[in-house]
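Structure file final19.txt; described as compact mmCIF, C-alpha atoms.
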```
# COMPACT_ATOMS: atom_id res chain seq x y z
CA MET Q 36 212.89 60.21 61.47
CA SER Q 37 213.67 62.33 64.54
CA SER Q 38 215.20 65.78 64.13
CA PRO Q 39 218.90 66.23 65.02
CA LEU Q 40 219.68 67.89 68.34
CA LEU Q 41 221.68 71.06 68.91
CA LYS Q 42 225.14 70.79 70.48
CA ARG Q 43 225.56 71.50 74.21
CA GLU Q 44 227.94 74.46 74.52
CA LEU Q 45 226.88 76.48 77.61
CA GLY Q 46 227.91 76.06 81.26
CA VAL Q 47 226.57 77.88 84.35
CA PHE Q 48 228.48 81.09 83.64
CA GLY Q 49 227.44 81.24 79.99
CA ALA Q 50 223.81 80.40 80.72
CA THR Q 51 223.68 83.02 83.50
CA LEU Q 52 225.05 85.66 81.15
CA MET Q 53 222.47 84.67 78.52
CA GLY Q 54 219.77 85.16 81.15
CA LEU Q 55 221.17 88.53 82.22
CA GLY Q 56 221.48 89.61 78.58
CA SER Q 57 217.80 88.82 78.10
CA ILE Q 58 216.60 90.48 81.31
CA VAL Q 59 218.75 93.58 81.74
CA GLY Q 60 217.65 95.55 78.70
CA THR Q 61 214.59 97.50 77.70
CA GLY Q 62 212.96 96.38 80.95
CA VAL Q 63 215.18 98.22 83.40
CA PHE Q 64 215.73 101.21 81.09
CA VAL Q 65 212.04 101.69 80.28
CA SER Q 66 209.67 99.82 82.58
CA ILE Q 67 210.76 101.39 85.88
CA GLY Q 68 209.78 104.79 84.46
CA ILE Q 69 206.40 103.51 83.25
CA ALA Q 70 205.71 101.70 86.51
CA ALA Q 71 206.67 104.82 88.51
CA GLU Q 72 204.15 106.81 86.49
CA ILE Q 73 201.43 104.35 87.55
CA ALA Q 74 202.41 103.63 91.16
CA GLY Q 75 204.62 106.57 92.18
CA PRO Q 76 206.91 105.64 95.07
CA GLY Q 77 205.04 102.34 95.24
CA VAL Q 78 207.19 101.21 92.30
CA ILE Q 79 209.70 99.91 94.87
CA PHE Q 80 207.06 97.50 96.17
CA ALA Q 81 206.19 96.56 92.59
CA VAL Q 82 209.84 95.67 91.93
CA ILE Q 83 209.93 93.46 95.05
CA ILE Q 84 206.62 91.69 94.36
CA ALA Q 85 207.46 91.14 90.68
CA GLY Q 86 210.83 89.74 91.73
CA LEU Q 87 209.23 87.28 94.15
CA VAL Q 88 206.79 86.11 91.46
CA ALA Q 89 209.74 85.74 89.07
CA VAL Q 90 211.58 83.59 91.63
CA CYS Q 91 208.62 81.20 91.86
CA ASN Q 92 208.35 81.03 88.08
CA GLY Q 93 212.11 80.75 87.64
CA LEU Q 94 212.45 77.81 90.01
CA ASN Q 95 209.54 76.02 88.36
CA SER Q 96 211.02 76.70 84.92
CA ALA Q 97 214.34 75.36 86.19
CA GLN Q 98 212.94 72.05 87.40
CA LEU Q 99 210.97 71.57 84.19
CA ALA Q 100 214.02 72.32 82.05
CA ALA Q 101 216.17 70.02 84.18
CA ASN Q 102 213.74 67.16 83.60
CA HIS Q 103 213.05 67.94 79.94
CA PRO Q 104 216.13 69.77 78.52
CA VAL Q 105 215.11 70.48 74.92
CA SER Q 106 214.63 73.70 72.96
CA GLY Q 107 211.27 75.40 73.22
CA GLY Q 108 210.77 76.15 76.92
CA THR Q 109 207.16 76.15 78.14
CA TYR Q 110 205.96 75.25 74.64
CA GLU Q 111 207.60 71.85 75.15
CA TYR Q 112 206.61 71.55 78.82
CA GLY Q 113 202.99 72.18 77.94
CA TYR Q 114 203.09 69.36 75.41
CA LYS Q 115 204.84 66.90 77.71
CA TYR Q 116 203.07 67.56 81.00
CA LEU Q 117 199.69 69.08 79.98
CA ASN Q 118 198.20 68.88 76.47
CA PRO Q 119 199.06 70.07 72.93
CA TRP Q 120 196.65 73.00 73.03
CA LEU Q 121 198.19 74.52 76.14
CA GLY Q 122 201.68 73.80 74.84
CA PHE Q 123 200.89 75.61 71.60
CA THR Q 124 199.28 78.51 73.48
CA ALA Q 125 202.51 79.02 75.46
CA GLY Q 126 204.64 79.05 72.31
CA TRP Q 127 202.19 81.30 70.48
CA MET Q 128 202.06 83.89 73.27
CA PHE Q 129 205.85 83.86 73.49
CA LEU Q 130 206.17 84.52 69.75
CA LEU Q 131 203.60 87.35 69.75
CA ALA Q 132 205.10 89.17 72.71
CA LYS Q 133 208.75 88.76 71.83
CA MET Q 134 208.65 89.44 68.07
CA ALA Q 135 207.28 92.91 68.79
CA SER Q 136 209.70 93.33 71.71
CA ALA Q 137 212.61 92.53 69.41
CA ALA Q 138 211.50 95.17 66.91
CA THR Q 139 211.12 97.66 69.75
CA ALA Q 140 214.61 96.83 71.00
CA ALA Q 141 216.07 97.36 67.52
CA LEU Q 142 214.34 100.73 67.18
CA GLY Q 143 215.36 101.60 70.74
CA PHE Q 144 218.99 100.85 69.91
CA ALA Q 145 218.76 103.01 66.81
CA GLY Q 146 217.29 105.93 68.75
CA TYR Q 147 219.92 105.79 71.53
CA PHE Q 148 222.76 105.32 69.03
CA LEU Q 149 221.71 108.22 66.80
CA ASN Q 150 221.32 110.48 69.85
CA LEU Q 151 224.77 109.52 71.09
CA ILE Q 152 226.49 110.37 67.81
CA GLY Q 153 224.46 113.57 67.42
CA VAL Q 154 222.28 112.61 64.44
CA ALA Q 155 218.92 114.33 64.78
CA ASP Q 156 217.46 113.15 61.46
CA ARG Q 157 214.95 110.40 62.32
CA THR Q 158 214.96 109.13 58.70
CA TYR Q 159 217.98 107.03 59.66
CA LEU Q 160 216.11 105.35 62.51
CA ILE Q 161 214.65 102.40 60.58
CA LEU Q 162 217.81 101.89 58.52
CA THR Q 163 219.98 101.78 61.65
CA ALA Q 164 217.58 99.33 63.30
CA LEU Q 165 217.67 97.04 60.25
CA VAL Q 166 221.48 97.12 60.14
CA ALA Q 167 221.62 96.14 63.82
CA LEU Q 168 219.14 93.32 63.22
CA ALA Q 169 221.07 92.00 60.21
CA THR Q 170 224.39 92.15 62.07
CA LEU Q 171 223.14 90.26 65.10
CA THR Q 172 221.37 87.71 62.90
CA LEU Q 173 224.72 86.93 61.26
CA VAL Q 174 226.23 86.46 64.72
CA VAL Q 175 223.45 84.05 65.70
CA LEU Q 176 223.86 82.12 62.43
CA THR Q 177 227.50 81.41 63.33
CA GLY Q 178 226.35 79.34 66.32
CA ILE Q 179 225.85 79.60 70.05
CA ARG Q 180 229.56 79.88 70.92
CA ARG Q 181 230.12 83.18 69.11
CA SER Q 182 226.69 84.38 70.22
CA HIS Q 183 227.84 83.73 73.80
CA ILE Q 184 231.04 85.75 73.29
CA ALA Q 185 229.08 88.68 71.83
CA ASN Q 186 226.54 88.47 74.64
CA THR Q 187 229.30 88.48 77.30
CA VAL Q 188 230.72 91.75 75.95
CA ILE Q 189 227.28 93.35 75.66
CA VAL Q 190 226.12 92.31 79.14
CA SER Q 191 229.37 93.42 80.78
CA VAL Q 192 229.04 96.98 79.47
CA THR Q 193 225.36 97.16 80.44
CA LEU Q 194 225.96 95.89 83.99
CA VAL Q 195 228.86 98.29 84.52
CA SER Q 196 226.76 101.29 83.42
CA LEU Q 197 223.85 100.38 85.71
CA THR Q 198 226.16 99.65 88.65
CA VAL Q 199 227.76 103.08 88.23
CA PHE Q 200 224.28 104.63 88.06
CA VAL Q 201 223.33 103.03 91.39
CA MET Q 202 226.65 103.82 93.13
CA ALA Q 203 226.66 107.42 91.91
CA GLY Q 204 223.00 107.88 92.81
CA LEU Q 205 223.04 106.52 96.37
CA PRO Q 206 224.82 109.62 97.80
CA GLU Q 207 222.17 111.78 96.08
CA LEU Q 208 219.19 110.22 97.88
CA SER Q 209 216.80 112.79 99.33
CA TRP Q 210 213.66 110.71 99.95
CA GLU Q 211 211.53 113.85 99.99
CA MET Q 212 208.64 112.01 98.42
CA PRO Q 213 204.92 112.65 98.56
CA SER Q 214 202.79 110.65 100.96
CA VAL Q 215 201.19 107.51 99.58
CA GLN Q 216 198.19 108.68 97.55
CA ASN Q 217 196.14 107.26 94.69
CA ASP Q 218 199.23 106.71 92.57
CA SER Q 219 200.51 104.32 95.25
CA SER Q 220 197.23 102.51 95.91
CA ILE Q 221 197.11 98.73 96.06
CA ALA Q 222 195.50 98.62 92.60
CA SER Q 223 198.21 100.85 91.12
CA ILE Q 224 200.98 98.80 92.71
CA LEU Q 225 199.49 95.56 91.33
CA HIS Q 226 199.22 97.13 87.86
CA ALA Q 227 202.84 98.29 88.11
CA THR Q 228 203.85 94.82 89.34
CA ALA Q 229 202.37 93.21 86.22
CA LEU Q 230 204.39 95.61 84.05
CA MET Q 231 207.58 95.18 86.10
CA PHE Q 232 207.30 91.41 85.75
CA VAL Q 233 208.13 91.84 82.07
CA ALA Q 234 211.48 93.28 83.15
CA TYR Q 235 212.32 89.97 84.86
CA SER Q 236 210.96 87.59 82.26
CA GLY Q 237 214.11 87.16 80.16
CA TYR Q 238 215.34 84.24 82.27
CA ALA Q 239 213.04 82.07 80.13
CA ARG Q 240 215.77 82.28 77.50
CA ILE Q 241 217.82 79.86 79.60
CA THR Q 242 215.06 77.26 79.40
CA THR Q 243 214.22 77.84 75.74
CA MET Q 244 217.90 77.12 74.99
CA SER Q 245 218.25 74.22 77.44
CA GLU Q 246 219.11 71.83 74.61
CA GLU Q 247 222.40 73.72 74.27
CA VAL Q 248 223.31 73.61 77.99
CA ARG Q 249 225.85 71.16 79.40
CA GLU Q 250 224.63 68.98 82.30
CA PRO Q 251 221.19 70.67 82.26
CA LYS Q 252 219.92 69.18 85.54
CA GLN Q 253 222.67 70.99 87.46
CA THR Q 254 223.37 73.94 85.17
CA ILE Q 255 219.87 75.29 84.47
CA PRO Q 256 218.62 75.66 88.08
CA LYS Q 257 221.90 77.29 89.14
CA ALA Q 258 221.90 79.67 86.17
CA ILE Q 259 218.28 80.76 86.75
CA ILE Q 260 218.81 81.29 90.48
CA PHE Q 261 222.02 83.29 89.93
CA THR Q 262 220.35 85.34 87.19
CA LEU Q 263 217.33 86.25 89.31
CA MET Q 264 219.38 87.04 92.42
CA LEU Q 265 221.67 89.41 90.50
CA THR Q 266 218.72 90.99 88.69
CA MET Q 267 216.71 91.59 91.88
CA LEU Q 268 219.67 93.29 93.56
CA LEU Q 269 220.29 95.46 90.51
CA TYR Q 270 216.62 96.42 90.04
CA MET Q 271 216.21 97.27 93.71
CA GLY Q 272 219.23 99.56 93.52
CA VAL Q 273 217.96 101.23 90.35
CA ALA Q 274 214.42 101.67 91.74
CA ILE Q 275 215.69 103.14 95.03
CA VAL Q 276 217.89 105.65 93.20
CA PHE Q 277 215.15 106.44 90.68
CA VAL Q 278 212.61 107.25 93.41
CA GLY Q 279 215.00 108.58 96.05
CA VAL Q 280 216.85 110.97 93.73
CA GLY Q 281 213.99 111.80 91.39
CA GLY Q 282 211.37 112.61 93.98
CA PRO Q 283 207.87 113.76 93.04
CA ALA Q 284 208.99 116.01 90.19
CA GLN Q 285 210.80 113.23 88.36
CA LEU Q 286 207.97 110.72 88.84
CA SER Q 287 205.83 112.72 86.45
CA LEU Q 288 204.31 111.64 83.17
CA GLN Q 289 206.99 113.54 81.24
CA THR Q 290 209.85 111.59 82.83
CA ALA Q 291 208.08 108.23 82.76
CA THR Q 292 207.37 108.43 79.04
CA THR Q 293 210.69 109.80 77.90
CA ALA Q 294 212.98 107.48 75.94
CA ALA Q 295 215.51 107.31 78.75
CA PRO Q 296 214.02 108.02 82.19
CA LEU Q 297 217.16 106.76 83.96
CA GLU Q 298 219.31 109.07 81.87
CA VAL Q 299 217.15 112.03 82.91
CA ILE Q 300 217.83 111.16 86.57
CA ALA Q 301 221.56 110.67 85.93
CA ARG Q 302 221.93 114.19 84.52
CA SER Q 303 221.30 115.57 88.01
CA PHE Q 304 224.20 113.62 89.58
CA ARG Q 305 227.21 115.57 90.81
CA ILE Q 306 229.57 112.96 89.34
CA PRO Q 307 230.11 113.91 85.67
CA GLY Q 308 229.77 111.46 82.79
CA VAL Q 309 227.21 109.12 84.41
CA SER Q 310 224.43 109.99 81.96
CA GLN Q 311 226.77 109.42 79.00
CA LEU Q 312 227.88 106.05 80.38
CA LEU Q 313 224.24 105.15 80.97
CA ALA Q 314 223.45 106.00 77.34
CA VAL Q 315 226.19 103.60 76.21
CA GLY Q 316 224.80 100.97 78.59
CA ALA Q 317 221.34 101.47 77.12
CA ILE Q 318 222.71 100.92 73.63
CA THR Q 319 224.41 97.67 74.62
CA ALA Q 320 221.30 96.64 76.56
CA MET Q 321 219.12 97.00 73.48
CA LEU Q 322 221.62 94.98 71.47
CA GLY Q 323 221.69 92.31 74.18
CA VAL Q 324 217.91 92.05 74.22
CA LEU Q 325 217.77 91.84 70.42
CA LEU Q 326 220.51 89.18 70.27
CA ASN Q 327 218.87 87.03 72.93
CA LEU Q 328 215.41 87.42 71.44
CA ILE Q 329 216.65 86.22 68.05
CA LEU Q 330 218.16 83.21 69.82
CA GLY Q 331 215.08 82.48 71.93
CA LEU Q 332 212.49 83.03 69.19
CA SER Q 333 214.36 80.84 66.72
CA ARG Q 334 214.54 78.02 69.28
CA VAL Q 335 210.79 78.19 69.92
CA LEU Q 336 210.14 78.13 66.17
CA LEU Q 337 212.52 75.16 65.92
CA ALA Q 338 210.48 73.29 68.54
CA MET Q 339 207.18 74.21 66.87
CA GLY Q 340 208.52 73.08 63.51
CA ARG Q 341 209.49 69.72 64.99
CA ARG Q 342 205.92 69.21 66.22
CA LEU Q 343 204.34 70.51 62.99
CA ASP Q 344 202.70 73.45 64.74
CA MET Q 345 204.76 75.45 62.27
CA PRO Q 346 206.14 74.33 58.87
CA ARG Q 347 208.64 71.46 59.26
CA VAL Q 348 211.35 73.39 57.39
CA LEU Q 349 211.85 75.52 60.53
CA ALA Q 350 213.35 72.47 62.27
CA ARG Q 351 216.34 72.31 59.93
CA LEU Q 352 219.82 72.77 61.47
CA ASN Q 353 223.04 73.91 59.82
CA PRO Q 354 225.59 71.16 58.96
CA SER Q 355 227.49 71.63 62.23
CA GLY Q 356 224.30 71.34 64.28
CA THR Q 357 224.86 74.64 66.10
CA THR Q 358 221.88 76.72 64.93
CA PRO Q 359 218.39 76.32 63.37
CA TYR Q 360 219.30 78.52 60.42
CA VAL Q 361 215.90 78.56 58.69
CA ALA Q 362 214.14 79.56 61.93
CA VAL Q 363 216.74 82.30 62.52
CA VAL Q 364 216.16 83.78 59.05
CA VAL Q 365 212.37 83.64 59.47
CA VAL Q 366 212.69 85.44 62.81
CA GLU Q 367 214.86 88.11 61.18
CA VAL Q 368 212.33 88.69 58.39
CA ALA Q 369 209.41 88.91 60.83
CA ILE Q 370 211.23 91.41 63.07
CA ALA Q 371 212.32 93.42 60.02
CA LEU Q 372 208.71 93.71 58.84
CA LEU Q 373 207.69 95.04 62.24
CA ILE Q 374 210.57 97.53 62.12
CA LEU Q 375 209.49 98.71 58.65
CA ILE Q 376 206.02 99.55 59.94
CA GLY Q 377 207.76 102.44 61.67
CA ASP Q 378 207.38 103.37 65.27
CA VAL Q 379 206.53 100.01 66.82
CA GLN Q 380 204.79 100.85 70.11
CA THR Q 381 204.58 97.49 71.82
CA THR Q 382 202.76 98.26 75.00
CA TRP Q 383 204.25 96.83 78.14
CA SER Q 384 200.72 95.89 79.10
CA PHE Q 385 200.33 93.48 76.17
CA SER Q 386 203.77 92.03 76.79
CA ALA Q 387 202.89 91.63 80.47
CA PHE Q 388 199.64 89.80 79.73
CA SER Q 389 201.27 87.49 77.16
CA ILE Q 390 204.23 86.62 79.39
CA LEU Q 391 202.07 86.10 82.48
CA ILE Q 392 199.86 83.63 80.55
CA TYR Q 393 203.04 81.91 79.33
CA TYR Q 394 204.30 81.48 82.89
CA ALA Q 395 200.90 80.44 84.19
CA ILE Q 396 201.19 77.47 81.84
CA THR Q 397 204.76 76.93 83.09
CA ASN Q 398 203.56 76.65 86.68
CA LEU Q 399 200.63 74.45 85.70
CA ALA Q 400 203.09 72.08 83.99
CA ALA Q 401 205.33 72.10 87.08
CA LEU Q 402 202.37 70.92 89.17
CA GLN Q 403 202.34 67.72 87.10
CA LEU Q 404 205.90 66.70 88.03
CA SER Q 405 206.11 63.53 90.08
CA PRO Q 406 207.69 63.72 93.56
CA THR Q 407 210.81 61.93 92.28
CA HIS Q 408 211.33 64.54 89.55
CA ARG Q 409 210.44 67.58 91.61
CA LEU Q 410 213.39 69.74 92.70
CA TYR Q 411 211.40 72.25 94.76
CA PRO Q 412 208.23 72.18 96.93
CA GLN Q 413 204.93 71.95 95.07
CA TRP Q 414 203.59 75.08 96.76
CA LEU Q 415 205.99 77.15 94.64
CA ALA Q 416 204.09 76.09 91.53
CA ILE Q 417 200.74 76.85 93.18
CA VAL Q 418 201.89 80.33 94.24
CA GLY Q 419 203.41 80.96 90.79
CA LEU Q 420 200.24 79.87 88.96
CA ALA Q 421 197.91 81.92 91.17
CA SER Q 422 200.08 85.05 91.04
CA CYS Q 423 200.49 84.92 87.25
CA LEU Q 424 196.76 84.54 86.57
CA PHE Q 425 195.96 87.21 89.17
CA LEU Q 426 198.41 89.77 87.77
CA ALA Q 427 197.58 89.05 84.10
CA PHE Q 428 194.14 90.58 84.49
CA TRP Q 429 195.35 93.70 86.28
CA VAL Q 430 196.37 95.20 82.94
CA GLN Q 431 193.79 97.25 81.03
CA ARG Q 432 190.68 95.28 80.05
CA GLN Q 433 191.07 95.93 76.33
CA ILE Q 434 194.59 94.50 76.47
CA TRP Q 435 193.62 91.15 77.95
CA LEU Q 436 190.58 90.94 75.68
CA ILE Q 437 192.85 91.36 72.66
CA GLY Q 438 195.21 88.79 74.15
CA LEU Q 439 192.42 86.23 74.56
CA GLY Q 440 191.32 86.90 70.96
CA LEU Q 441 194.85 86.26 69.70
CA ILE Q 442 195.01 82.99 71.64
CA ILE Q 443 191.86 81.83 69.81
CA ALA Q 444 193.34 82.96 66.46
CA GLY Q 445 196.52 81.01 67.19
CA LEU Q 446 194.63 77.82 67.98
CA ILE Q 447 192.75 78.15 64.68
CA TRP Q 448 196.11 78.60 62.91
CA ARG Q 449 197.43 75.43 64.56
CA ALA Q 450 194.43 73.42 63.40
CA ILE Q 451 194.86 74.63 59.81
CA VAL Q 452 198.63 73.95 59.70
CA ARG Q 453 198.23 70.42 61.08
CA LEU Q 454 195.40 69.68 58.67
CA LEU Q 455 197.51 70.78 55.71
CA ALA Q 456 200.47 68.73 56.98
CA LYS Q 457 198.33 65.57 57.06
CA ASN Q 458 197.17 66.17 53.51
```
Please go through the file and, once you have read it, give me the structure as structure tokens.
Amino acid sequence: MSSPLLKRELGVFGATLMGLGSIVGTGVFVSIGIAAEIAGPGVIFAVIIAGLVAVCNGLNSAQLAANHPVSGGTYEYGYKYLNPWLGFTAGWMFLLAKMASAATAALGFAGYFLNLIGVADRTYLILTALVALATLTLVVLTGIRRSHIANTVIVSVTLVSLTVFVMAGLPELSWEMPSVQNDSSIASILHATALMFVAYSGYARITTMSEEVREPKQTIPKAIIFTLMLTMLLYMGVAIVFVGVGGPAQLSLQTATTAAPLEVIARSFRIPGVSQLLAVGAITAMLGVLLNLILGLSRVLLAMGRRLDMPRVLARLNPSGTTPYVAVVVVEVAIALLILIGDVQTTWSFSAFSILIYYAITNLAALQLSPTHRLYPQWLAIVGLASCLFLAFWVQRQIWLIGLGLIIAGLIWRAIVRLLAKN
């Protein structure tokens, strides 16, 4: 018997906001600082290159989702257009990268929130993170419609704070930067590009939730294109202000590794209150990322449960057919365990490698589309595939070696689960 399908609730506006809620979060508030540490002023080029790679991947994701609008994203596309092993690998890498990212977002929210209210005692950090996780899980369990409302509020505050940051920072531009040296070499820019790509990758949430989108063939491509266009404009503005106002002193290791590099820059603005508004925006951004990751991860687990790559119970829906409630609860427990470990330091490098492998499989699947089903030129998939594989191995060697080891471990897990299911 086939599993019941989720209800279609989202239009172009709602799907675009879901994409923005997934993208504009820890990425823009953290990764620009890390990338600037690696590439110096070259971070501006990294933002542009990563954005162009994201456009290729986004358009290929859009045409796949339009032709196969079910939950699961590239996990499902890999199964349909490639083979089960590559489909599973995509889902597995998504789960590994995003579970840890969700825990990091929860802890990030807790840190920003406690700083804002003046609580210096870090013993409340884990408790605050768990409360945020539990609250957003309850929102997700009520269905996509209320999740959409919550996401709209969260995204609006975040976008306003970043827009104010850019507008207030543009008059402060000095551009007294050092000449291009080793920190802006081609190798450094490519490394920074791989890390910046993570800051764009949230648009996948639109495809992982495509089963809940109305008229997916029209809605999904429009939503992804709108999401990426808005994100590229915003990131370019933030990067220009970050480099142009910060200058060489602010592109130091101390600034790049601080919890809020953008807030450090904002404190130097002549317009008062920008850093405080940015802190509020960071809080809502972390909440937005956490909310959308719970949604996206639960939908991938739903798809994997349907195919018996995970226990079948994960494919169960609530009576109204609006949410995979078992998968949502499992996601909450997994994220909570990562939070309880303490200071979850999910390196952007590991996330970058995992997501780039995920999108390499996306582009490979897009190459298999027939001419009648293809929405965009085939060369986009070729460029996307080549750029993802190229950038994936610009992260540190130990990171991609660990990533390859985890892929092998996941494939062994799949074989065991399917063997047990047959017995």
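Going from CA of Ala74 in chain Q to CA of Val430 in chain Q covers 13.2 Å.
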Residue neighbourhood Leu142 in chain Q, 12 Å, all atoms listed in the file, exclusion window fewer than 3 positions, as a PDB file with C-alpha atoms, in the frame of the given file:
```pdb
ATOM      1  CA  THR Q  61     214.590  97.500  77.700  1.00  0.00           C
ATOM      2  CA  ALA Q 135     207.280  92.910  68.790  1.00  0.00           C
ATOM      3  CA  SER Q 136     209.700  93.330  71.710  1.00  0.00           C
ATOM      4  CA  ALA Q 137     212.610  92.530  69.410  1.00  0.00           C
ATOM      5  CA  ALA Q 138     211.500  95.170  66.910  1.00  0.00           C
ATOM      6  CA  THR Q 139     211.120  97.660  69.750  1.00  0.00           C
ATOM      7  CA  ALA Q 145     218.760 103.010  66.810  1.00  0.00           C
ATOM      8  CA  GLY Q 146     217.290 105.930  68.750  1.00  0.00           C
ATOM      9  CA  TYR Q 147     219.920 105.790  71.530  1.00  0.00           C
ATOM     10  CA  PHE Q 148     222.760 105.320  69.030  1.00  0.00           C
ATOM     11  CA  LEU Q 149     221.710 108.220  66.800  1.00  0.00           C
ATOM     12  CA  ARG Q 157     214.950 110.400  62.320  1.00  0.00           C
ATOM     13  CA  THR Q 158     214.960 109.130  58.700  1.00  0.00           C
ATOM     14  CA  TYR Q 159     217.980 107.030  59.660  1.00  0.00           C
ATOM     15  CA  LEU Q 160     216.110 105.350  62.510  1.00  0.00           C
ATOM     16  CA  ILE Q 161     214.650 102.400  60.580  1.00  0.00           C
ATOM     17  CA  LEU Q 162     217.810 101.890  58.520  1.00  0.00           C
ATOM     18  CA  THR Q 163     219.980 101.780  61.650  1.00  0.00           C
ATOM     19  CA  ALA Q 164     217.580  99.330  63.300  1.00  0.00           C
ATOM     20  CA  LEU Q 165     217.670  97.040  60.250  1.00  0.00           C
ATOM     21  CA  VAL Q 166     221.480  97.120  60.140  1.00  0.00           C
ATOM     22  CA  ALA Q 167     221.620  96.140  63.820  1.00  0.00           C
ATOM     23  CA  LEU Q 168     219.140  93.320  63.220  1.00  0.00           C
ATOM     24  CA  ALA Q 294     212.980 107.480  75.940  1.00  0.00           C
ATOM     25  CA  ILE Q 318     222.710 100.920  73.630  1.00  0.00           C
ATOM     26  CA  MET Q 321     219.120  97.000  73.480  1.00  0.00           C
ATOM     27  CA  LEU Q 322     221.620  94.980  71.470  1.00  0.00           C
ATOM     28  CA  VAL Q 324     217.910  92.050  74.220  1.00  0.00           C
ATOM     29  CA  LEU Q 325     217.770  91.840  70.420  1.00  0.00           C
ATOM     30  CA  ILE Q 370     211.230  91.410  63.070  1.00  0.00           C
ATOM     31  CA  ALA Q 371     212.320  93.420  60.020  1.00  0.00           C
ATOM     32  CA  LEU Q 373     207.690  95.040  62.240  1.00  0.00           C
ATOM     33  CA  ILE Q 374     210.570  97.530  62.120  1.00  0.00           C
ATOM     34  CA  LEU Q 375     209.490  98.710  58.650  1.00  0.00           C
ATOM     35  CA  ILE Q 376     206.020  99.550  59.940  1.00  0.00           C
ATOM     36  CA  GLY Q 377     207.760 102.440  61.670  1.00  0.00           C
ATOM     37  CA  ASP Q 378     207.380 103.370  65.270  1.00  0.00           C
ATOM     38  CA  VAL Q 379     206.530 100.010  66.820  1.00  0.00           C
ATOM     39  CA  GLN Q 380     204.790 100.850  70.110  1.00  0.00           C
ATOM     40  CA  THR Q 381     204.580  97.490  71.820  1.00  0.00           C
TER      41      THR Q 381
END
```
> If you count all atoms listed in the file, which residues fall within 12 Å of Ile241 in chain Q, apart from same-chain ones fewer than 4 positions away, as a ChimeraX atom specification?
Replying inline: /Q:45-58,93-94,96-97,99-101,104-109,236-237,245-249,251,254-263,327-328,330-331,334
>> If we count all atoms listed in the file and set the cut-off at 10 Å, which residues sit around range 347-364 of chain Q, ignoring sequence neighbours fewer than 3 positions away in its own chain? Please answer as number ranges by chain.
In response: Q: 38-44, 169, 172-173, 175-180, 247, 329-344, 367-370, 456
> So, counting all atoms listed in the file, which residue among Q:Ala400, Q:Leu436, Q:Leu326, Q:Val452 is closest to His103 in chain Q?
Replying inline: Q:Ala400
>> Using all atoms listed in the file, which protein or nucleic acid residues come within 9 Å of Leu441 in chain Q? Drop anything in the same chain fewer than 5 positions from it, and give the result as a VMD selection string.
In response: chain Q and resid 127 to 128 131 436 446
> CA of Asn398 in chain Q and CA of Ala416 in chain Q are how many Å apart?
Replying inline: 4.9 Å
> What does the distance between CA of Glu207 in chain Q and CA of Gly308 in chain Q come to in Å, to one decimal place?
Replying inline: 15.3 Å
> When distances are computed from all atoms listed in the file, which of Q:Ile447, Q:Ala85, Q:Leu372, Q:Met264 shows the smallest separation from Ala387 in chain Q?
Replying inline: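 Smallest distance to Ala387 in chain Q is found for Q:Ala85.
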> What's the 10 Å shell around Leu312 in chain Q, counting all atoms listed in the file, without same-chain residues fewer than 4 positions away, as a PyMOL selection string?
Replying inline: chain Q and resi 192-193+195-197+199-200+298+301+307-308+316-318
>> Here is a test: counting all atoms listed in the file, which residue of Q:Ser310, Q:Ser422, Q:Ser405, Q:Asn102 is nearest to Val201 in chain Q?
In response: Q:Ser310
